[in-house]
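Pasted below: entry-v9.csv, CSV, C-alpha atoms.
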chain,number,residue,atom,x,y,z
A,1,MET,CA,5.9,26.8,15.8
A,2,THR,CA,9.0,28.5,14.2
A,3,GLN,CA,7.3,31.9,14.3
A,4,HIS,CA,6.5,31.5,18.1
A,5,ARG,CA,10.2,30.5,18.7
A,6,LYS,CA,11.3,33.6,16.8
A,7,LYS,CA,9.0,35.9,18.8
A,8,ARG,CA,10.2,34.3,22.0
A,9,THR,CA,13.9,34.9,21.0
A,10,ILE,CA,13.2,38.6,20.1
A,11,LEU,CA,11.4,39.0,23.5
A,12,GLU,CA,14.2,37.5,25.4
A,13,MET,CA,16.9,39.5,23.6
A,14,GLY,CA,14.9,42.8,24.3
A,15,HIS,CA,14.8,42.0,28.0
A,16,ASP,CA,18.5,41.0,28.1
A,17,ALA,CA,19.6,44.3,26.4
A,18,PHE,CA,17.5,46.4,28.8
A,19,LEU,CA,19.0,44.6,31.8
A,20,ASP,CA,22.5,45.1,30.4
A,21,ILE,CA,21.9,48.9,30.1
A,22,VAL,CA,20.4,49.1,33.6
A,23,ALA,CA,23.4,47.2,35.0
A,24,ASN,CA,25.9,49.5,33.2
A,25,LEU,CA,24.1,52.6,34.6
A,26,VAL,CA,24.1,51.1,38.1
A,27,GLY,CA,27.8,50.4,37.8
A,28,ILE,CA,28.6,54.0,36.7
A,29,LEU,CA,26.5,55.4,39.6
A,30,ILE,CA,28.3,53.1,42.1
A,31,ILE,CA,31.7,54.4,40.8
A,32,LEU,CA,30.5,58.0,41.1
A,33,VAL,CA,29.4,57.4,44.7
A,34,VAL,CA,32.7,55.8,45.6
A,35,ILE,CA,34.6,58.8,44.0
A,36,LEU,CA,32.5,61.4,45.8
A,37,GLY,CA,32.7,59.5,49.0
A,38,ALA,CA,36.5,59.4,48.7
A,39,GLN,CA,36.7,63.1,48.0
A,40,SER,CA,34.5,63.9,50.9
A,41,THR,CA,36.6,61.8,53.2
A,42,ALA,CA,39.8,63.5,51.9
A,43,VAL,CA,38.3,67.0,52.4
A,44,ILE,CA,37.2,66.2,55.9
A,45,GLN,CA,40.5,64.6,56.8
A,46,GLU,CA,42.4,67.6,55.4
A,47,MET,CA,40.3,70.0,57.5
A,48,GLN,CA,40.9,68.0,60.6
A,49,ASP,CA,44.6,68.0,60.0
A,50,GLN,CA,44.6,71.8,59.5
A,51,VAL,CA,42.7,72.3,62.8
A,52,GLU,CA,45.1,70.0,64.7
A,53,GLU,CA,48.1,71.8,63.2
A,54,GLU,CA,46.6,75.2,64.1
A,55,ASN,CA,45.9,73.9,67.7
A,56,GLN,CA,49.5,72.7,68.0
A,57,ASN,CA,50.7,76.1,66.9
A,58,GLU,CA,48.5,77.5,69.7
A,59,SER,CA,46.7,79.8,67.3
A,60,THR,CA,43.8,81.3,69.2
A,61,LEU,CA,41.9,82.9,66.1
A,62,ALA,CA,41.5,81.7,62.5
A,63,SER,CA,42.1,84.0,59.7
A,64,GLU,CA,39.3,85.1,57.3
A,65,SER,CA,40.9,83.1,54.5
A,66,GLN,CA,40.9,79.9,56.6
A,67,ILE,CA,37.3,80.5,57.6
A,68,SER,CA,36.4,81.0,53.9
A,69,GLU,CA,38.3,78.0,52.9
A,70,LEU,CA,36.6,75.9,55.6
A,71,ALA,CA,33.2,77.1,54.5
A,72,THR,CA,34.0,76.2,50.9
A,73,TYR,CA,35.1,72.7,52.0
A,74,SER,CA,32.0,72.3,54.1
A,75,MET,CA,29.8,73.2,51.2
A,76,ARG,CA,31.6,70.8,48.9
A,77,ALA,CA,31.2,68.1,51.6
A,78,ALA,CA,27.5,68.8,52.0
A,79,SER,CA,27.1,68.8,48.2
A,80,ALA,CA,29.0,65.5,47.9
A,81,GLN,CA,26.9,64.0,50.7
A,82,ALA,CA,23.7,65.2,49.0
A,83,ASP,CA,24.9,63.8,45.6
A,84,SER,CA,25.7,60.5,47.4
A,85,SER,CA,22.2,60.3,48.9
A,86,ARG,CA,20.6,61.1,45.6
A,87,LEU,CA,22.7,58.5,43.8
A,88,GLU,CA,21.8,55.9,46.5
A,89,ASN,CA,18.1,56.7,46.0
A,90,THR,CA,18.5,56.4,42.2
A,91,ILE,CA,20.2,53.0,42.6
A,92,ARG,CA,17.4,51.8,44.9
A,93,GLU,CA,14.9,53.0,42.2
A,94,TYR,CA,16.8,51.2,39.5
A,95,ASP,CA,17.0,48.0,41.6
A,96,SER,CA,13.2,48.2,42.2
A,97,LYS,CA,12.7,48.7,38.4
A,98,ILE,CA,15.0,45.8,37.6
A,99,LEU,CA,13.1,43.6,40.1
A,100,ARG,CA,9.7,44.5,38.5
A,101,ARG,CA,11.1,43.9,35.0
A,102,LYS,CA,12.4,40.5,36.1
A,103,ARG,CA,8.9,39.6,37.5
A,104,GLN,CA,7.3,40.8,34.3
A,105,ARG,CA,9.7,38.8,32.2
A,106,ALA,CA,9.0,35.7,34.2
A,107,ILE,CA,5.3,36.2,33.8
A,108,LEU,CA,5.7,36.7,30.0
A,109,LEU,CA,7.9,33.5,29.8
A,110,ASP,CA,5.2,31.5,31.7
A,111,LEU,CA,2.5,32.8,29.4
A,112,LEU,CA,4.6,32.0,26.4
A,113,ALA,CA,5.3,28.5,27.6
A,114,GLN,CA,1.5,28.0,28.2
A,115,ALA,CA,0.8,29.3,24.8
A,116,GLU,CA,3.3,26.9,23.2
A,117,ALA,CA,1.9,23.9,25.1
A,118,ALA,CA,-1.6,24.8,24.1
A,119,TRP,CA,-0.5,25.2,20.5
A,120,ALA,CA,1.4,21.8,20.6
A,121,GLU,CA,-1.8,20.1,22.0
A,122,LYS,CA,-4.0,21.7,19.4
A,123,LYS,CA,-1.6,20.7,16.6
A,124,THR,CA,-1.5,17.1,17.9
A,125,ASP,CA,-5.3,17.0,17.9
A,126,PHE,CA,-5.3,18.4,14.4
A,127,ASP,CA,-2.8,15.9,13.2
A,128,LYS,CA,-4.9,13.0,14.7
A,129,ARG,CA,-8.0,14.3,13.0
A,130,THR,CA,-6.2,14.7,9.7
A,131,LEU,CA,-4.9,11.1,10.0
A,132,GLN,CA,-8.4,9.8,10.9
A,133,ASP,CA,-9.9,11.7,7.9
A,134,ALA,CA,-7.3,10.1,5.6
A,135,GLN,CA,-8.0,6.7,7.0
A,136,ARG,CA,-11.7,7.2,6.5
A,137,VAL,CA,-11.2,8.3,2.9
A,138,THR,CA,-9.0,5.2,2.3
A,139,GLU,CA,-11.6,2.9,3.9
A,140,PHE,CA,-14.4,4.5,1.8
A,141,LYS,CA,-12.4,4.1,-1.4
A,142,SER,CA,-11.7,0.4,-0.5
A,143,ALA,CA,-15.4,-0.2,0.3
A,144,GLN,CA,-16.4,1.6,-2.9
A,145,LYS,CA,-14.0,-0.6,-4.9
A,146,GLN,CA,-15.4,-3.8,-3.2
A,147,LEU,CA,-18.9,-2.6,-3.9
A,148,ASP,CA,-18.1,-2.1,-7.6
A,149,GLN,CA,-16.5,-5.6,-7.8
A,150,LEU,CA,-19.6,-7.1,-6.1
A,151,VAL,CA,-21.9,-5.3,-8.5
A,152,GLY,CA,-19.9,-6.5,-11.4
A,153,THR,CA,-19.9,-10.1,-10.1
A,154,ARG,CA,-23.6,-9.9,-9.6
A,155,GLN,CA,-24.2,-8.7,-13.1
A,156,HIS,CA,-21.9,-11.4,-14.4
A,157,LEU,CA,-23.8,-14.1,-12.4
A,158,GLU,CA,-27.2,-12.8,-13.5
A,159,ASN,CA,-26.1,-13.2,-17.1
A,160,GLN,CA,-25.0,-16.8,-16.6
A,161,PRO,CA,-27.4,-19.7,-16.9
A,162,ALA,CA,-28.4,-21.3,-13.7
A,163,PRO,CA,-26.1,-24.3,-12.9
A,164,VAL,CA,-27.4,-27.7,-11.9
A,165,VAL,CA,-26.0,-28.7,-8.5
A,166,ALA,CA,-25.9,-32.3,-7.4
A,167,ILE,CA,-26.3,-32.7,-3.6
A,168,ASP,CA,-25.2,-35.7,-1.8
A,169,HIS,CA,-27.1,-36.6,1.3
A,170,LEU,CA,-27.0,-39.1,4.1
A,171,PRO,CA,-30.0,-41.1,5.3
A,172,THR,CA,-31.2,-39.4,8.5
A,173,PRO,CA,-32.9,-41.8,10.9
A,174,MET,CA,-34.8,-40.7,13.9
A,175,ALA,CA,-32.5,-39.3,16.6
A,176,LYS,CA,-32.2,-41.3,19.8
A,177,THR,CA,-30.7,-40.6,23.1
A,178,VAL,CA,-27.3,-42.2,23.8
A,179,PHE,CA,-27.1,-44.7,26.7
A,180,GLY,CA,-24.5,-47.1,25.5
A,181,ASP,CA,-20.7,-46.7,25.0
A,182,GLU,CA,-19.9,-43.1,24.0
A,183,ILE,CA,-16.7,-41.7,22.5
A,184,HIS,CA,-16.0,-38.0,22.5
A,185,PHE,CA,-14.1,-36.1,19.7
A,186,ARG,CA,-13.2,-32.5,19.2
A,187,LEU,CA,-13.3,-31.0,15.7
A,188,LYS,CA,-11.8,-27.5,15.4
A,189,GLY,CA,-9.8,-26.0,12.6
A,190,ASN,CA,-10.4,-29.2,10.6
A,191,ARG,CA,-8.4,-31.1,13.2
A,192,LEU,CA,-9.9,-34.1,15.1
A,193,SER,CA,-8.7,-35.2,18.5
A,194,VAL,CA,-10.0,-37.7,21.0
A,195,VAL,CA,-11.4,-36.2,24.2
A,196,PRO,CA,-10.9,-38.6,27.2
A,197,ILE,CA,-13.9,-37.4,29.1
A,198,GLN,CA,-14.6,-40.7,30.9
A,199,GLN,CA,-11.0,-40.9,32.1
A,200,LEU,CA,-11.0,-37.3,33.3
A,201,LEU,CA,-14.3,-37.9,35.2
A,202,GLU,CA,-12.7,-40.9,36.9
A,203,GLU,CA,-9.8,-38.7,38.0
A,204,ILE,CA,-12.4,-36.1,39.3
A,205,LYS,CA,-14.2,-38.9,41.2
A,206,ARG,CA,-10.9,-39.8,42.9
A,207,ASP,CA,-10.6,-36.1,43.9
A,208,PHE,CA,-14.1,-36.3,45.3
A,209,GLU,CA,-13.1,-39.3,47.5
A,210,ARG,CA,-10.0,-37.4,48.8
A,211,MET,CA,-12.1,-34.4,49.5
A,212,ALA,CA,-14.7,-36.3,51.4
A,213,ALA,CA,-12.0,-37.3,53.9
A,214,GLY,CA,-11.1,-33.6,54.5
A,215,ALA,CA,-12.8,-31.2,56.9
A,216,ARG,CA,-13.0,-28.2,54.5
A,217,ASN,CA,-16.5,-27.2,53.3
A,218,GLY,CA,-17.5,-24.9,50.5
A,219,GLN,CA,-16.6,-24.6,46.8
A,220,THR,CA,-13.2,-25.8,45.5
A,221,GLU,CA,-11.6,-25.3,42.1
A,222,ALA,CA,-9.1,-27.9,40.9
A,223,ALA,CA,-7.8,-29.5,37.7
A,224,VAL,CA,-6.9,-33.1,36.6
A,225,GLY,CA,-4.9,-34.3,33.7
A,226,PRO,CA,-3.3,-34.0,31.3
A,227,MET,CA,-4.7,-37.0,29.4
A,228,ARG,CA,-4.2,-37.3,25.7
A,229,GLY,CA,-3.4,-33.6,25.6
A,230,PHE,CA,-6.5,-32.4,27.5
A,231,VAL,CA,-7.0,-31.1,31.1
A,232,ALA,CA,-10.3,-30.8,33.0
A,233,LYS,CA,-10.8,-27.8,35.2
A,234,TYR,CA,-13.7,-28.3,37.6
A,235,ARG,CA,-15.6,-26.9,40.5
A,236,MET,CA,-17.0,-29.0,43.3
A,237,GLU,CA,-19.0,-28.1,46.4
A,238,LYS,CA,-18.9,-29.8,49.8
A,239,ALA,CA,-21.5,-29.2,52.5
A,240,ARG,CA,-22.9,-30.7,55.6
A,241,GLU,CA,-26.7,-31.1,55.7
A,242,MET,CA,-29.5,-33.0,57.3
A,243,ILE,CA,-30.9,-36.1,55.6
A,244,SER,CA,-33.6,-38.6,56.5
A,245,ARG,CA,-32.4,-42.2,56.9
A,246,GLY,CA,-34.7,-44.9,58.3
A,247,GLY,CA,-37.1,-42.3,59.6
A,248,GLN,CA,-34.3,-40.6,61.5
A,249,LEU,CA,-32.5,-37.3,60.8
A,250,GLN,CA,-28.8,-37.5,60.4
A,251,MET,CA,-25.9,-35.2,59.4
A,252,ALA,CA,-24.3,-36.2,56.1
A,253,THR,CA,-21.7,-34.8,53.8
A,254,ARG,CA,-22.8,-33.8,50.3
A,255,ILE,CA,-20.2,-33.4,47.5
A,256,GLN,CA,-21.4,-32.2,44.1
A,257,LEU,CA,-19.8,-31.3,40.8
A,258,THR,CA,-21.0,-27.8,39.9
A,259,GLY,CA,-19.1,-27.3,36.6
A,260,MET,CA,-16.4,-28.6,34.4
A,261,THR,CA,-14.4,-27.3,31.4
A,262,VAL,CA,-12.2,-29.5,29.2
A,263,GLU,CA,-9.6,-27.9,27.0
A,264,PRO,CA,-6.4,-28.8,25.3
A,265,LEU,CA,-3.0,-27.9,26.6
A,266,GLN,CA,-1.9,-26.4,23.3
A,267,THR,CA,-3.5,-25.4,20.0
A,268,PRO,CA,-3.9,-26.4,17.3
A,269,HIS,CA,-4.5,-29.9,18.6
A,270,GLY,CA,-5.4,-33.1,16.8
A,271,GLN,CA,-4.9,-34.7,13.4
A,272,THR,CA,-6.0,-33.1,10.1
A,273,LEU,CA,-9.0,-34.5,8.2
A,274,ASP,CA,-6.7,-36.0,5.5
A,275,GLN,CA,-4.9,-38.0,8.2
A,276,ILE,CA,-8.2,-39.1,9.7
A,277,LEU,CA,-9.4,-40.5,6.3
A,278,SER,CA,-6.1,-42.3,5.6
A,279,ASN,CA,-7.2,-45.4,7.6
A,280,ARG,CA,-4.1,-45.1,9.8
A,281,SER,CA,-5.3,-42.4,12.2
A,282,GLU,CA,-6.1,-42.0,15.8
A,283,LEU,CA,-9.8,-42.5,14.9
A,284,ASP,CA,-9.1,-46.0,13.6
A,285,ILE,CA,-7.2,-46.9,16.7
A,286,GLU,CA,-10.0,-45.6,18.9
A,287,LEU,CA,-12.8,-47.5,16.9
A,288,ALA,CA,-10.9,-50.8,16.7
A,289,GLY,CA,-12.8,-53.6,18.4
A,290,ARG,CA,-15.9,-51.5,19.1
A,291,ASP,CA,-19.4,-52.6,18.2
A,292,PRO,CA,-21.1,-50.0,16.0
A,293,ASN,CA,-24.5,-51.1,17.3
A,294,SER,CA,-23.6,-50.1,20.9
A,295,THR,CA,-21.1,-47.3,20.3
A,296,THR,CA,-22.0,-43.7,19.7
A,297,ILE,CA,-19.6,-41.1,18.6
A,298,THR,CA,-20.1,-37.5,19.9
A,299,VAL,CA,-18.3,-34.8,18.0
A,300,TRP,CA,-17.8,-31.3,19.6
A,301,VAL,CA,-17.6,-29.3,16.4
A,302,TYR,CA,-16.8,-25.6,15.8
A,303,PRO,CA,-18.2,-23.4,13.0
A,304,ASN,CA,-14.9,-23.4,11.1
A,305,SER,CA,-15.2,-27.2,10.8
A,306,PHE,CA,-18.8,-27.9,9.7
A,307,ALA,CA,-17.7,-29.0,6.2
A,308,ALA,CA,-15.1,-31.3,7.7
A,309,PHE,CA,-17.7,-32.7,10.1
A,310,ARG,CA,-19.9,-33.7,7.1
A,311,LYS,CA,-17.1,-35.7,5.5
A,312,LEU,CA,-16.3,-37.3,8.9
A,313,LYS,CA,-19.9,-38.2,9.4
A,314,GLU,CA,-20.0,-39.8,5.9
A,315,HIS,CA,-16.9,-41.8,6.8
A,316,LEU,CA,-18.4,-43.0,10.1
A,317,TYR,CA,-21.7,-43.8,8.5
A,318,ALA,CA,-20.0,-46.0,6.0
A,319,ARG,CA,-18.4,-47.9,8.9
A,320,GLY,CA,-21.8,-48.2,10.7
A,321,PHE,CA,-21.3,-45.8,13.6
A,322,ALA,CA,-24.0,-43.3,14.7
A,323,THR,CA,-22.8,-39.8,15.2
A,324,ALA,CA,-24.0,-37.0,17.5
A,325,ALA,CA,-23.0,-33.4,16.9
A,326,ARG,CA,-22.4,-30.9,19.7
A,327,PRO,CA,-21.9,-27.5,18.0
A,328,LEU,CA,-19.7,-25.0,20.0
A,329,PRO,CA,-19.1,-21.3,19.3
A,330,LEU,CA,-15.6,-20.2,18.6
A,331,GLY,CA,-13.8,-19.2,21.8
A,332,GLN,CA,-15.8,-21.6,24.0
A,333,GLU,CA,-14.4,-24.9,25.4
A,334,ILE,CA,-16.1,-28.2,26.1
A,335,THR,CA,-18.2,-27.7,29.3
A,336,GLY,CA,-20.3,-30.0,31.5
A,337,GLY,CA,-22.2,-30.1,34.7
A,338,PRO,CA,-25.0,-31.6,36.7
A,339,GLN,CA,-27.6,-29.9,34.5
A,340,GLY,CA,-26.1,-31.2,31.2
A,341,SER,CA,-28.0,-33.5,28.7
A,342,ARG,CA,-27.1,-36.7,27.0
A,343,SER,CA,-26.1,-36.7,23.3
A,344,ARG,CA,-28.7,-37.6,20.6
A,345,ALA,CA,-27.2,-39.6,17.8
A,346,GLN,CA,-28.3,-40.2,14.2
Rendering of file as structure tokens:
Amino acid sequence: MTQHRKKRTILEMGHDAFLDIVANLVGILIILVVILGAQSTAVIQEMQDQVEEENQNESTLASESQISELATYSMRAASAQADSSRLENTIREYDSKILRRKRQRAILLDLLAQAEAAWAEKKTDFDKRTLQDAQRVTEFKSAQKQLDQLVGTRQHLENQPAPVVAIDHLPTPMAKTVFGDEIHFRLKGNRLSVVPIQQLLEEIKRDFERMAAGARNGQTEAAVGPMRGFVAKYRMEKAREMISRGGQLQMATRIQLTGMTVEPLQTPHGQTLDQILSNRSELDIELAGRDPNSTTITVWVYPNSFAAFRKLKEHLYARGFATAARPLPLGQEITGGPQGSRSRAQ
């Protein structure tokens, strides 16, 4: 980049020096034209004065010396006029050359600017590629180091005797569909929280009753809550359709829940597993006074809490409660709808 700037500076200095020389020459020529024009004017004025003076003296004939002098002045005037015309032509030629040089200089500067821009773009691409290559080399070295560590760990484990692992297990009775009292919990990030699905559904039902009194048909999106830190966003559809009642066709309004999503207002939400197992948790408050034979606990569990769910299930099993698991992928909230299924507890 420095070399291009140096070339550009030399190019601009060369053009500026040439323009200075041309401007000086034009100035000198203008001065000569002015001097010659002044001399021609003075000669002509002097000749006119002599003619007028001779006319005033009523001279009828001019002497040979006056005629010769007049011829000399006439020749000098003609020569000065010719020099003036030639200088004017020369000035016009120099002006034309200066104009052409300026255009050529502008074209060269544009080409130089385009070349510099292209060089800067290529240099940026080259720098990016260099940085990407360096990152790939670093990633490769890191992966190679991890591979070496894994190979070393594998060799170490292969040389160790096989350990004896004791596995605790819970009795697994036949799963049965839940029809009694059901409590919903959410277990994510090893935090347990009560999900008030029944209360949220009651609020949605009240919205249905208010919507039935309105005149608007079609799909509607709304939300209820918050309740215990959760809100329910739902979609319902209202339509007028024909139904058969007592053998007669009548128009009726149909309102249907098409989808529902339950999510917390803020995350993380709930109590940690240590708090849950301390016998002074929200879980104990929720289970107080409930019959284990008619109560089922449904846990919406995420992959990052499977180990915590096993401990929770052991805790609930010791207290006589059946547990149903509803696994959810990370990033997905609790959903429900008319096509949903009931929990199956064990």
re atom CA of A:Ala38 and atom CA of A:Tyr94: distance 23.2 Å
From (24.6, 57.6, 46.7), in the file's coordinates, out to 9 Å: which residues are reached, counting all atoms listed in the file? Answer as a PDB file with C-alpha atoms, in the coordinates of the input.
ATOM      1  CA  LEU A  29      26.500  55.400  39.600  1.00  0.00           C
ATOM      2  CA  ILE A  30      28.300  53.100  42.100  1.00  0.00           C
ATOM      3  CA  LEU A  32      30.500  58.000  41.100  1.00  0.00           C
ATOM      4  CA  VAL A  33      29.400  57.400  44.700  1.00  0.00           C
ATOM      5  CA  VAL A  34      32.700  55.800  45.600  1.00  0.00           C
ATOM      6  CA  LEU A  36      32.500  61.400  45.800  1.00  0.00           C
ATOM      7  CA  GLY A  37      32.700  59.500  49.000  1.00  0.00           C
ATOM      8  CA  GLN A  81      26.900  64.000  50.700  1.00  0.00           C
ATOM      9  CA  ALA A  82      23.700  65.200  49.000  1.00  0.00           C
ATOM     10  CA  ASP A  83      24.900  63.800  45.600  1.00  0.00           C
ATOM     11  CA  SER A  84      25.700  60.500  47.400  1.00  0.00           C
ATOM     12  CA  SER A  85      22.200  60.300  48.900  1.00  0.00           C
ATOM     13  CA  ARG A  86      20.600  61.100  45.600  1.00  0.00           C
ATOM     14  CA  LEU A  87      22.700  58.500  43.800  1.00  0.00           C
ATOM     15  CA  GLU A  88      21.800  55.900  46.500  1.00  0.00           C
ATOM     16  CA  ASN A  89      18.100  56.700  46.000  1.00  0.00           C
ATOM     17  CA  THR A  90      18.500  56.400  42.200  1.00  0.00           C
ATOM     18  CA  ILE A  91      20.200  53.000  42.600  1.00  0.00           C
TER      19      ILE A  91
END
Between A:Ser294, A:Asn159, A:Thr138, A:Thr130, which has the minimum distance to A:Ile183 (counting all atoms listed in the file)? A:Ser294
Atom CA of A:Thr72 and atom CA of A:Glu53 are how many Å apart? 19.2 Å
What's the 9 Å shell around A:His269, counting all atoms listed in the file, without same-chain residues fewer than 2 positions away, as number ranges by chain? A: 188-189, 191-193, 229, 264-267, 271
Requested write-out: C-alpha atoms of the selected residues, as a PDB file, keeping the file's coordinate frame:
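The resulting file, part33.pdb, is reproduced below:
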ATOM      1  CA  LYS A 188     -11.800 -27.500  15.400  1.00  0.00           C
ATOM      2  CA  GLY A 189      -9.800 -26.000  12.600  1.00  0.00           C
ATOM      3  CA  ARG A 191      -8.400 -31.100  13.200  1.00  0.00           C
ATOM      4  CA  LEU A 192      -9.900 -34.100  15.100  1.00  0.00           C
ATOM      5  CA  SER A 193      -8.700 -35.200  18.500  1.00  0.00           C
ATOM      6  CA  GLY A 229      -3.400 -33.600  25.600  1.00  0.00           C
ATOM      7  CA  PRO A 264      -6.400 -28.800  25.300  1.00  0.00           C
ATOM      8  CA  LEU A 265      -3.000 -27.900  26.600  1.00  0.00           C
ATOM      9  CA  GLN A 266      -1.900 -26.400  23.300  1.00  0.00           C
ATOM     10  CA  THR A 267      -3.500 -25.400  20.000  1.00  0.00           C
ATOM     11  CA  GLN A 271      -4.900 -34.700  13.400  1.00  0.00           C
TER      12      GLN A 271
END
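If you measure from each of A:Leu277, A:Leu200, A:Leu157, A:Val26 to A:Met227 using only C-alpha atoms, the closest one turns out to be A:Leu200.
When atom CA of A:Ala143 is paired with atom CA of A:Ala307, their separation reads 29.5 Å.
Across A:Arg100, A:Arg210, A:Arg310, A:Arg290, the tightest approach to A:Ile255 is made by A:Arg210 when counting only C-alpha atoms.
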Using only C-alpha atoms, the residue out of A:Leu25, A:Leu19, A:Glu209, A:Ala71 with shortest distance to A:Lys102 is A:Leu19
Given all atoms listed in the file as the basis, pick out the residue of A:Thr335, A:Gln219, A:Ser278, A:Asn190 nearest to A:Ala308. A:Asn190
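Closest to A:Ala239 among A:Val195, A:Met251, A:Ala322, A:Ala120 is A:Met251, based on only C-alpha atoms.
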